[in-house]
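To be precise, the following lines are upload.txt, and they hold compact mmCIF, C-alpha atoms.
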```
# COMPACT_ATOMS: atom_id res chain seq x y z
CA MET A 1 -2.95 1.13 -28.38
CA ILE A 2 -0.81 1.49 -25.25
CA ARG A 3 2.80 0.97 -26.25
CA LYS A 4 4.40 -1.51 -23.84
CA LYS A 5 7.52 0.56 -23.37
CA ILE A 6 6.18 3.16 -20.97
CA PHE A 7 7.84 1.51 -17.96
CA ASN A 8 11.24 1.02 -19.59
CA ASN A 9 12.36 4.63 -19.17
CA THR A 10 14.95 4.27 -16.39
CA LYS A 11 16.10 7.88 -16.74
CA ALA A 12 12.63 9.06 -15.65
CA ALA A 13 12.25 6.26 -13.07
CA PHE A 14 15.46 7.09 -11.20
CA LYS A 15 15.77 10.78 -11.98
CA LEU A 16 15.68 11.75 -8.29
CA LYS A 17 18.25 9.14 -7.22
CA SER A 18 21.86 10.22 -6.82
CA ASP A 19 24.60 7.81 -7.93
CA ALA A 20 25.18 6.88 -4.28
CA GLU A 21 21.46 6.17 -3.75
CA LEU A 22 21.41 4.09 -6.92
CA ASP A 23 24.34 2.03 -5.62
CA ARG A 24 22.63 1.57 -2.25
CA ALA A 25 19.46 0.33 -3.96
CA LEU A 26 21.51 -2.10 -6.06
CA PHE A 27 23.20 -3.43 -2.93
CA LEU A 28 19.94 -3.80 -0.98
CA PHE A 29 17.97 -5.51 -3.74
CA GLY A 30 20.96 -7.74 -4.39
CA MET A 31 20.76 -8.84 -0.74
CA ILE A 32 16.95 -9.17 -0.81
CA ASN A 33 17.25 -11.36 -3.91
CA ARG A 34 18.77 -14.06 -1.69
CA PRO A 35 16.04 -15.59 0.53
CA THR A 36 18.56 -17.26 2.86
CA LEU A 37 20.21 -13.89 3.52
CA VAL A 38 16.82 -12.26 4.22
CA LYS A 39 15.95 -14.99 6.74
CA ALA A 40 19.33 -14.71 8.43
CA GLY A 41 19.15 -10.90 8.44
CA THR A 42 15.64 -10.94 9.92
CA ALA A 43 16.70 -13.32 12.69
CA LEU A 44 19.84 -11.27 13.42
CA THR A 45 17.87 -8.00 13.52
CA ASN A 46 15.28 -9.43 15.90
CA PHE A 47 18.05 -10.86 18.12
CA SER A 48 19.88 -7.52 18.16
CA LEU A 49 16.74 -5.62 19.11
CA LYS A 50 15.84 -8.10 21.83
CA PHE A 51 19.24 -7.70 23.45
CA HIS A 52 19.46 -3.94 22.78
CA LEU A 53 22.47 -4.17 20.48
CA PRO A 54 23.28 -0.92 18.60
CA VAL A 55 21.93 -1.76 15.13
CA GLU A 56 19.54 1.15 14.56
CA GLY A 57 22.22 3.29 12.90
CA ILE A 58 23.00 0.57 10.36
CA ILE A 59 19.32 -0.04 9.66
CA LYS A 60 18.64 3.70 9.26
CA LYS A 61 21.41 4.13 6.67
CA THR A 62 20.35 1.12 4.62
CA ILE A 63 16.89 -0.45 4.48
CA PHE A 64 15.15 2.41 6.38
CA GLU A 65 16.31 5.11 3.96
CA GLN A 66 15.39 2.90 1.00
CA PHE A 67 11.80 2.18 2.09
CA CYS A 68 10.90 5.05 4.48
CA GLY A 69 10.54 8.79 4.02
CA GLY A 70 11.89 9.70 7.45
CA ILE A 71 11.11 9.67 11.15
CA THR A 72 8.53 12.50 11.15
CA GLU A 73 6.21 14.21 8.68
CA GLU A 74 8.69 17.08 8.55
CA ASP A 75 11.43 14.64 7.48
CA CYS A 76 9.20 13.48 4.63
CA LYS A 77 8.49 16.97 3.28
CA PRO A 78 11.57 17.34 1.00
CA THR A 79 10.87 13.91 -0.50
CA THR A 80 7.15 14.46 -1.07
CA ARG A 81 7.76 17.91 -2.58
CA GLU A 82 10.53 16.63 -4.83
CA MET A 83 8.31 13.80 -6.08
CA TYR A 84 5.39 16.17 -6.64
CA GLU A 85 7.58 18.28 -8.91
CA GLU A 86 7.63 15.14 -11.08
CA ASN A 87 3.79 14.94 -10.82
CA LEU A 88 4.08 12.01 -8.38
CA HIS A 89 1.87 12.21 -5.27
CA SER A 90 2.50 10.77 -1.80
CA ILE A 91 0.47 9.00 0.87
CA LEU A 92 2.02 9.17 4.34
CA ASP A 93 1.85 6.02 6.45
CA TYR A 94 2.87 6.17 10.10
CA SER A 95 4.06 2.55 10.07
CA VAL A 96 4.22 1.77 13.77
CA GLU A 97 2.73 -1.65 14.58
CA GLY A 98 2.12 -4.05 17.42
CA LYS A 99 0.32 -1.84 19.93
CA GLU A 100 -2.01 -3.34 22.58
CA THR A 101 -3.53 -0.77 24.93
CA ASP A 102 -6.39 1.71 24.60
CA ALA A 103 -3.99 4.57 25.30
CA GLU A 104 -1.72 3.40 22.44
CA PHE A 105 -4.69 2.99 20.08
CA ASP A 106 -6.02 6.45 20.96
CA ALA A 107 -2.55 7.89 20.30
CA ALA A 108 -2.45 6.09 16.93
CA MET A 109 -5.91 7.45 16.06
CA ASN A 110 -4.83 10.99 16.95
CA LYS A 111 -1.77 10.55 14.74
CA LYS A 112 -4.02 9.46 11.86
CA LEU A 113 -6.34 12.42 12.47
CA SER A 114 -3.36 14.77 12.23
CA LEU A 115 -2.32 13.08 8.96
CA ILE A 116 -5.84 13.55 7.54
CA GLU A 117 -5.55 17.26 8.35
CA TYR A 118 -2.02 17.30 6.92
CA ALA A 119 -3.33 15.78 3.67
CA SER A 120 -6.14 18.34 3.46
CA GLU A 121 -3.56 21.15 3.34
CA ARG A 122 -1.31 19.67 0.64
CA GLU A 123 -2.02 19.01 -3.02
CA GLU A 124 0.74 16.42 -3.18
CA ILE A 125 -1.04 14.15 -0.65
CA PRO A 126 -4.35 12.87 -2.12
CA PHE A 127 -5.15 10.13 0.43
CA ALA A 128 -4.83 9.31 4.13
CA MET A 129 -4.91 5.75 5.41
CA PHE A 130 -5.15 3.60 8.53
CA LYS A 131 -4.64 -0.02 9.50
CA PRO A 132 -7.60 -1.48 11.46
CA THR A 133 -5.33 -3.30 13.91
CA GLY A 134 -3.47 -0.02 14.43
CA ILE A 135 -6.52 1.33 16.27
CA GLY A 136 -7.83 -1.84 17.94
CA ARG A 137 -6.57 -5.20 19.15
CA PHE A 138 -6.38 -7.95 16.52
CA GLU A 139 -8.21 -10.33 18.88
CA ILE A 140 -11.24 -8.05 19.17
CA TRP A 141 -11.52 -7.70 15.37
CA GLU A 142 -11.19 -11.50 15.16
CA LYS A 143 -13.92 -12.21 17.72
CA VAL A 144 -16.36 -9.80 16.07
CA SER A 145 -15.55 -11.28 12.63
CA GLU A 146 -16.17 -14.83 13.86
CA LYS A 147 -19.38 -13.81 15.69
CA ILE A 148 -18.01 -14.87 19.07
CA ASN A 149 -19.95 -13.48 22.04
CA LEU A 150 -18.07 -10.65 23.69
CA SER A 151 -17.78 -10.12 27.41
CA ASP A 152 -19.01 -6.78 28.78
CA GLU A 153 -15.43 -5.58 28.89
CA GLU A 154 -14.79 -6.70 25.31
CA GLN A 155 -18.01 -5.08 24.13
CA GLU A 156 -16.84 -1.81 25.63
CA GLU A 157 -13.50 -2.24 23.89
CA TRP A 158 -15.23 -2.90 20.54
CA GLU A 159 -17.37 0.22 20.95
CA LYS A 160 -14.16 2.24 21.36
CA VAL A 161 -12.74 0.70 18.16
CA LYS A 162 -15.89 1.66 16.24
CA GLU A 163 -15.70 5.18 17.68
CA ARG A 164 -12.11 5.54 16.46
CA VAL A 165 -13.07 4.45 12.93
CA GLU A 166 -16.03 6.84 12.99
CA LYS A 167 -13.84 9.76 14.11
CA LEU A 168 -11.34 9.13 11.31
CA CYS A 169 -13.99 8.80 8.60
CA LYS A 170 -15.99 11.78 9.84
CA ARG A 171 -12.87 14.00 9.84
CA ALA A 172 -11.92 12.83 6.35
CA TYR A 173 -15.45 13.67 5.17
CA GLU A 174 -15.39 17.10 6.80
CA LEU A 175 -12.08 17.97 5.13
CA GLY A 176 -12.82 16.27 1.79
CA VAL A 177 -9.87 13.88 2.12
CA ARG A 178 -9.96 10.36 0.68
CA LEU A 179 -9.29 7.79 3.40
CA TYR A 180 -8.70 4.07 3.01
CA ALA A 181 -8.49 1.20 5.46
CA ASP A 182 -5.81 -1.41 4.82
CA ALA A 183 -6.82 -5.07 4.57
CA GLU A 184 -5.46 -7.69 6.94
CA GLU A 185 -5.85 -11.42 7.71
CA THR A 186 -9.15 -13.06 6.66
CA TRP A 187 -10.08 -14.10 10.18
CA MET A 188 -10.35 -10.46 11.30
CA GLN A 189 -11.38 -8.90 7.99
CA THR A 190 -15.16 -9.45 8.06
CA ALA A 191 -15.59 -6.99 10.93
CA ALA A 192 -13.47 -4.42 9.09
CA ASP A 193 -15.44 -4.95 5.85
CA GLU A 194 -18.77 -4.45 7.62
CA LEU A 195 -17.58 -1.35 9.43
CA MET A 196 -16.12 0.23 6.29
CA GLU A 197 -19.34 -0.51 4.38
CA LYS A 198 -21.22 1.35 7.10
CA MET A 199 -18.83 4.31 6.72
CA MET A 200 -19.33 4.30 2.91
CA ARG A 201 -23.10 4.40 3.37
CA LYS A 202 -22.74 7.38 5.66
CA TYR A 203 -20.00 9.42 3.96
CA ASN A 204 -19.95 8.39 0.29
CA LYS A 205 -23.35 9.77 -0.73
CA GLU A 206 -21.99 12.17 -3.35
CA ARG A 207 -18.50 10.87 -4.09
CA ALA A 208 -16.17 8.16 -2.84
CA LEU A 209 -14.12 9.49 0.07
CA ILE A 210 -14.04 6.32 2.20
CA PHE A 211 -12.26 3.31 0.66
CA ASN A 212 -11.85 -0.29 1.78
CA THR A 213 -9.05 -2.60 0.58
CA LEU A 214 -9.64 -5.87 -1.26
CA GLN A 215 -6.87 -8.47 -1.28
CA CYS A 216 -7.34 -10.16 -4.63
CA TYR A 217 -5.47 -13.34 -3.74
CA ARG A 218 -8.73 -14.14 -1.93
CA TRP A 219 -10.93 -16.05 -4.38
CA ASP A 220 -14.12 -14.61 -2.80
CA ARG A 221 -13.33 -10.92 -3.41
CA ALA A 222 -14.84 -10.59 -6.90
CA GLU A 223 -18.22 -11.78 -5.66
CA TYR A 224 -17.91 -9.62 -2.54
CA LEU A 225 -17.30 -6.54 -4.71
CA LYS A 226 -20.30 -7.27 -6.93
CA GLN A 227 -22.56 -7.64 -3.89
CA LEU A 228 -21.20 -4.39 -2.43
CA HIS A 229 -21.83 -2.67 -5.76
CA GLU A 230 -25.45 -3.87 -5.78
CA LYS A 231 -25.97 -2.57 -2.23
CA ALA A 232 -24.47 0.79 -3.23
CA LYS A 233 -26.80 1.16 -6.22
CA LYS A 234 -29.87 0.25 -4.16
CA GLU A 235 -28.96 2.40 -1.15
CA GLY A 236 -27.51 5.39 -2.98
CA PHE A 237 -23.84 5.53 -2.03
CA LYS A 238 -20.53 5.35 -3.89
CA VAL A 239 -18.02 2.52 -3.47
CA GLY A 240 -14.35 3.24 -2.86
CA VAL A 241 -11.98 0.29 -3.25
CA LYS A 242 -8.25 -0.13 -3.11
CA ILE A 243 -7.19 -3.37 -4.77
CA VAL A 244 -3.97 -5.24 -3.99
CA ARG A 245 -2.87 -8.80 -4.57
CA GLY A 246 -2.32 -9.49 -0.87
CA ALA A 247 0.32 -9.81 1.83
CA TYR A 248 -0.43 -12.79 4.07
CA MET A 249 -0.52 -15.79 1.71
CA GLU A 250 1.79 -18.16 3.60
CA LYS A 251 0.14 -17.35 6.94
CA GLU A 252 -3.36 -17.83 5.44
CA ASN A 253 -2.56 -21.19 3.85
CA ALA A 254 -0.80 -22.47 6.98
CA ARG A 255 -3.75 -21.54 9.23
CA ALA A 256 -6.30 -23.09 6.88
CA LYS A 257 -4.30 -26.34 6.79
CA LYS A 258 -3.81 -26.41 10.55
CA LEU A 259 -7.48 -25.75 11.36
CA GLY A 260 -8.84 -27.89 8.51
CA TYR A 261 -10.87 -25.39 6.49
CA PRO A 262 -10.63 -24.55 2.75
CA THR A 263 -7.95 -21.97 2.09
CA PRO A 264 -9.34 -18.51 1.26
CA ILE A 265 -6.39 -17.96 -1.10
CA CYS A 266 -6.43 -18.57 -4.87
CA GLU A 267 -4.82 -21.85 -5.90
CA SER A 268 -1.93 -20.25 -7.80
CA LYS A 269 -0.18 -17.00 -8.68
CA GLU A 270 -1.83 -17.20 -12.12
CA ALA A 271 -5.30 -17.51 -10.55
CA THR A 272 -4.53 -14.50 -8.34
CA ASP A 273 -3.49 -12.49 -11.40
CA VAL A 274 -6.73 -13.42 -13.19
CA ASN A 275 -8.76 -12.45 -10.12
CA PHE A 276 -6.93 -9.12 -9.70
CA ASN A 277 -7.33 -8.20 -13.36
CA SER A 278 -11.00 -9.22 -13.36
CA ILE A 279 -11.73 -7.02 -10.31
CA LEU A 280 -9.71 -4.16 -11.84
CA SER A 281 -11.72 -4.41 -15.09
CA TYR A 282 -15.04 -4.60 -13.22
CA CYS A 283 -14.27 -1.39 -11.32
CA LEU A 284 -13.12 0.50 -14.41
CA ASN A 285 -16.31 -0.56 -16.18
CA HIS A 286 -18.49 0.84 -13.35
CA LEU A 287 -16.83 4.17 -12.58
CA ASP A 288 -20.18 5.89 -12.13
CA ASP A 289 -20.53 3.93 -8.89
CA ILE A 290 -16.98 2.84 -8.01
CA SER A 291 -13.74 4.77 -7.48
CA LEU A 292 -10.61 2.67 -7.82
CA PHE A 293 -7.20 2.78 -6.16
CA ILE A 294 -4.88 0.31 -7.93
CA GLY A 295 -2.10 -0.81 -5.59
CA THR A 296 0.16 -2.94 -7.75
CA HIS A 297 3.80 -3.52 -8.66
CA ASN A 298 2.70 -5.68 -11.60
CA GLU A 299 3.37 -4.25 -15.05
CA VAL A 300 0.81 -6.42 -16.84
CA SER A 301 -2.03 -5.27 -14.57
CA SER A 302 -0.89 -1.67 -14.93
CA TYR A 303 -0.87 -1.94 -18.73
CA LEU A 304 -4.34 -3.51 -18.63
CA ALA A 305 -5.65 -0.53 -16.66
CA LEU A 306 -4.02 1.92 -19.09
CA GLN A 307 -5.56 0.07 -22.04
CA ILE A 308 -9.06 0.19 -20.53
CA ILE A 309 -8.65 3.90 -19.73
CA GLU A 310 -7.68 4.51 -23.37
CA ASP A 311 -10.43 2.27 -24.80
CA LYS A 312 -13.09 4.04 -22.74
CA ASP A 313 -11.66 7.43 -23.74
CA LEU A 314 -11.24 8.44 -20.10
CA SER A 315 -9.07 11.32 -19.00
CA ARG A 316 -5.66 10.19 -17.75
CA ASP A 317 -6.14 12.24 -14.60
CA ASP A 318 -9.71 11.06 -13.91
CA LYS A 319 -9.95 11.50 -10.13
CA ARG A 320 -11.82 8.20 -9.77
CA ILE A 321 -8.69 6.25 -10.77
CA TRP A 322 -5.39 6.16 -8.86
CA PHE A 323 -2.27 4.03 -9.18
CA SER A 324 0.08 3.43 -6.27
CA GLN A 325 3.33 1.67 -5.41
CA LEU A 326 5.43 1.49 -2.26
CA TYR A 327 8.19 4.02 -1.69
CA GLY A 328 11.54 2.51 -2.66
CA MET A 329 10.03 0.00 -5.09
CA SER A 330 8.78 -0.05 -8.68
CA ASP A 331 9.90 3.50 -9.46
CA HIS A 332 9.76 2.57 -13.14
CA ILE A 333 5.96 2.27 -12.84
CA SER A 334 5.30 5.22 -10.49
CA TYR A 335 7.41 7.89 -12.17
CA ASN A 336 6.56 6.90 -15.72
CA LEU A 337 2.82 6.90 -14.97
CA ALA A 338 3.19 10.34 -13.36
CA ARG A 339 5.21 11.58 -16.35
CA LYS A 340 2.39 10.52 -18.68
CA GLY A 341 -0.21 12.39 -16.63
CA TYR A 342 -1.90 9.53 -14.75
CA ASN A 343 -2.83 9.85 -11.06
CA SER A 344 0.11 8.13 -9.43
CA ALA A 345 1.15 8.03 -5.77
CA LYS A 346 3.83 6.53 -3.57
CA LEU A 347 2.94 5.09 -0.17
CA VAL A 348 5.61 6.70 2.03
CA PRO A 349 6.06 5.02 5.44
CA PHE A 350 7.64 6.95 8.29
CA GLY A 351 8.20 6.68 12.04
CA PRO A 352 10.92 6.04 14.64
CA VAL A 353 13.48 3.61 13.20
CA LYS A 354 13.07 0.98 15.91
CA GLU A 355 9.28 1.03 15.67
CA VAL A 356 9.06 0.61 11.90
CA ILE A 357 11.46 -2.34 11.81
CA PRO A 358 8.57 -4.90 11.75
CA TYR A 359 7.25 -3.11 8.63
CA LEU A 360 10.72 -3.09 7.02
CA LEU A 361 11.33 -6.77 7.69
CA ARG A 362 7.95 -7.61 6.15
CA ARG A 363 8.90 -5.58 3.06
CA ALA A 364 12.10 -7.58 2.68
CA GLU A 365 10.31 -10.91 3.15
CA GLU A 366 7.54 -9.99 0.69
CA ASN A 367 10.13 -9.09 -1.94
CA THR A 368 11.70 -12.52 -1.68
CA SER A 369 8.31 -14.26 -2.02
CA VAL A 370 7.09 -12.41 -5.14
CA LYS A 371 8.61 -14.24 -8.07
CA GLY A 372 10.59 -11.96 -10.36
CA GLN A 373 9.90 -8.77 -8.36
CA THR A 374 13.41 -8.26 -7.01
CA GLY A 375 15.04 -9.47 -10.20
CA ARG A 376 13.11 -6.84 -12.16
CA GLU A 377 14.19 -4.12 -9.71
CA LEU A 378 17.82 -5.19 -10.07
CA SER A 379 17.76 -5.30 -13.87
CA LEU A 380 16.30 -1.78 -14.08
CA LEU A 381 18.79 -0.37 -11.55
CA ARG A 382 21.68 -1.97 -13.47
CA GLU A 383 20.31 -0.61 -16.73
CA GLU A 384 20.20 2.91 -15.26
CA LYS A 385 23.72 2.59 -13.87
CA LYS A 386 24.93 1.50 -17.31
CA ARG A 387 23.05 4.39 -18.96
CA ARG A 388 24.67 6.91 -16.61
CA LYS A 389 28.12 5.47 -17.22
CA GLY A 390 27.56 5.71 -20.97
CA HIS A 391 26.27 9.25 -20.63
CA THR A 392 29.34 10.26 -18.56
CA SER A 393 31.68 8.62 -21.09
CA VAL A 394 30.06 10.49 -23.99
CA LYS A 395 30.22 13.74 -22.02
CA HIS A 396 33.92 13.26 -21.28
CA ALA A 397 34.61 12.37 -24.91
CA ARG A 398 32.96 15.61 -26.04
CA GLU A 399 34.97 17.63 -23.58
```
Rewritten as structure tokens:
Amino acid sequence: MIRKKIFNNTKAAFKLKSDAELDRALFLFGMINRPTLVKAGTALTNFSLKFHLPVEGIIKKTIFEQFCGGITEEDCKPTTREMYEENLHSILDYSVEGKETDAEFDAAMNKKLSLIEYASEREEIPFAMFKPTGIGRFEIWEKVSEKINLSDEEQEEWEKVKERVEKLCKRAYELGVRLYADAEETWMQTAADELMEKMMRKYNKERALIFNTLQCYRWDRAEYLKQLHEKAKKEGFKVGVKIVRGAYMEKENARAKKLGYPTPICESKEATDVNFNSILSYCLNHLDDISLFIGTHNEVSSYLALQIIEDKDLSRDDKRIWFSQLYGMSDHISYNLARKGYNSAKLVPFGPVKEVIPYLLRRAEENTSVKGQTGRELSLLREEKKRRKGHTSVKHARE
């Protein structure tokens, strides 16, 4: 049996954090634990950026350094190497959002291509990733998803989007790098699902290199996965899936209510948990056909996965199973999994401070909306601070 104490080792979880970094994390999560402060801080940050007030320095020294690896890949190197020494892998995410032009999308694609090549050269980086709306306008994904007729100009634009996805997947295949596409809002996701299925058919003949992301707060995802699995068995390709709970719940529910259609989101947090764990179990029970990337900050789901791995007598470092958490969060899960020999990775965002602010603000808002998440972070950080104080006191007493 898996002993439910694996994630309580704060010494291992925060081994790489200095006392000053521990204090900064305590301060930041203390702030994030207050929703009214997060809302006010978000509004103030957006106002400051709009009127070009000098806030980047403050942001860089606080929330940026907590949740980002640096401005460039080179900046991230010391962090990724240091983590890898603890058996913890990294996935680099150039987290620049909100682009609109073909030139910007081509530049983003080229950046992703360079990160695929970067991953192919480094053992510590097992995956590359991209965000569909990072390489094509949201509106074009939406129109294709909703089967709206495209103008000639829009059709040309869509062809360019498909070409970008093809280039990324082909390069990943050529270099043997796993590549996943992030999931986004439901009203643009169908086009992304169909395109990523096509890429799996083409490039996952022998093993899963191309992955799509399933947001498990969507009640339809379990059935979607089973249908995809059936197609894969019939057509002779492997399925790669990253599973997450989801990131757009409030937006999804509000849109469904406004436009008068049934919400695509599970009716409760408990129903989402059941759906996530059911999909997780299904994948782990069909590893001959499905490779699984488990993106979760939830301890119960992580323990469930560990229990299934043990029950099925699978190797802890089975390359078909990966765990992942965001950089700056849930270190107690990431580092303790790595310490026990499981495939564990941190998603490490990077980019110019000003351009990753939308990502950072979303991180802060998501932390306030996940019940108990920030409180758990705070309790572990306080526990580690207390442990270090006790350790220092004992050391001084001995001296």
Legend entry - Counting all atoms listed in the file, the residue of A:Lys162, A:Lys242, A:His332, A:Arg34 that sits nearest Lys5 of chain A: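 With all atoms listed in the file as the atom set, the closest residue is A:His332.
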Legend entry - Interatomic distance, atom CA of Leu337 of chain A to atom CA of Phe323 of chain A (Å, one decimal):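 The value is 8.2 Å.
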Legend entry - Residue nearest Gln215 of chain A - candidates A:Ile309, A:Val144, A:Leu53, A:Ala247, atoms counted: all atoms listed in the file: A:Ala247
Legend entry - Selected residue of minimal separation from Leu347 of chain A among A:Ser48, A:Ser95, A:Thr36, A:Asn204, counting only C-alpha atoms: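 Counting only C-alpha atoms, the residue closest to Leu347 of chain A is A:Ser95.
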Inset, instruction - Quote the spacing between atom CA of Glu65 of chain A and atom CA of Phe130 of chain A in Å to one decimal place. - result: 22.0 Å
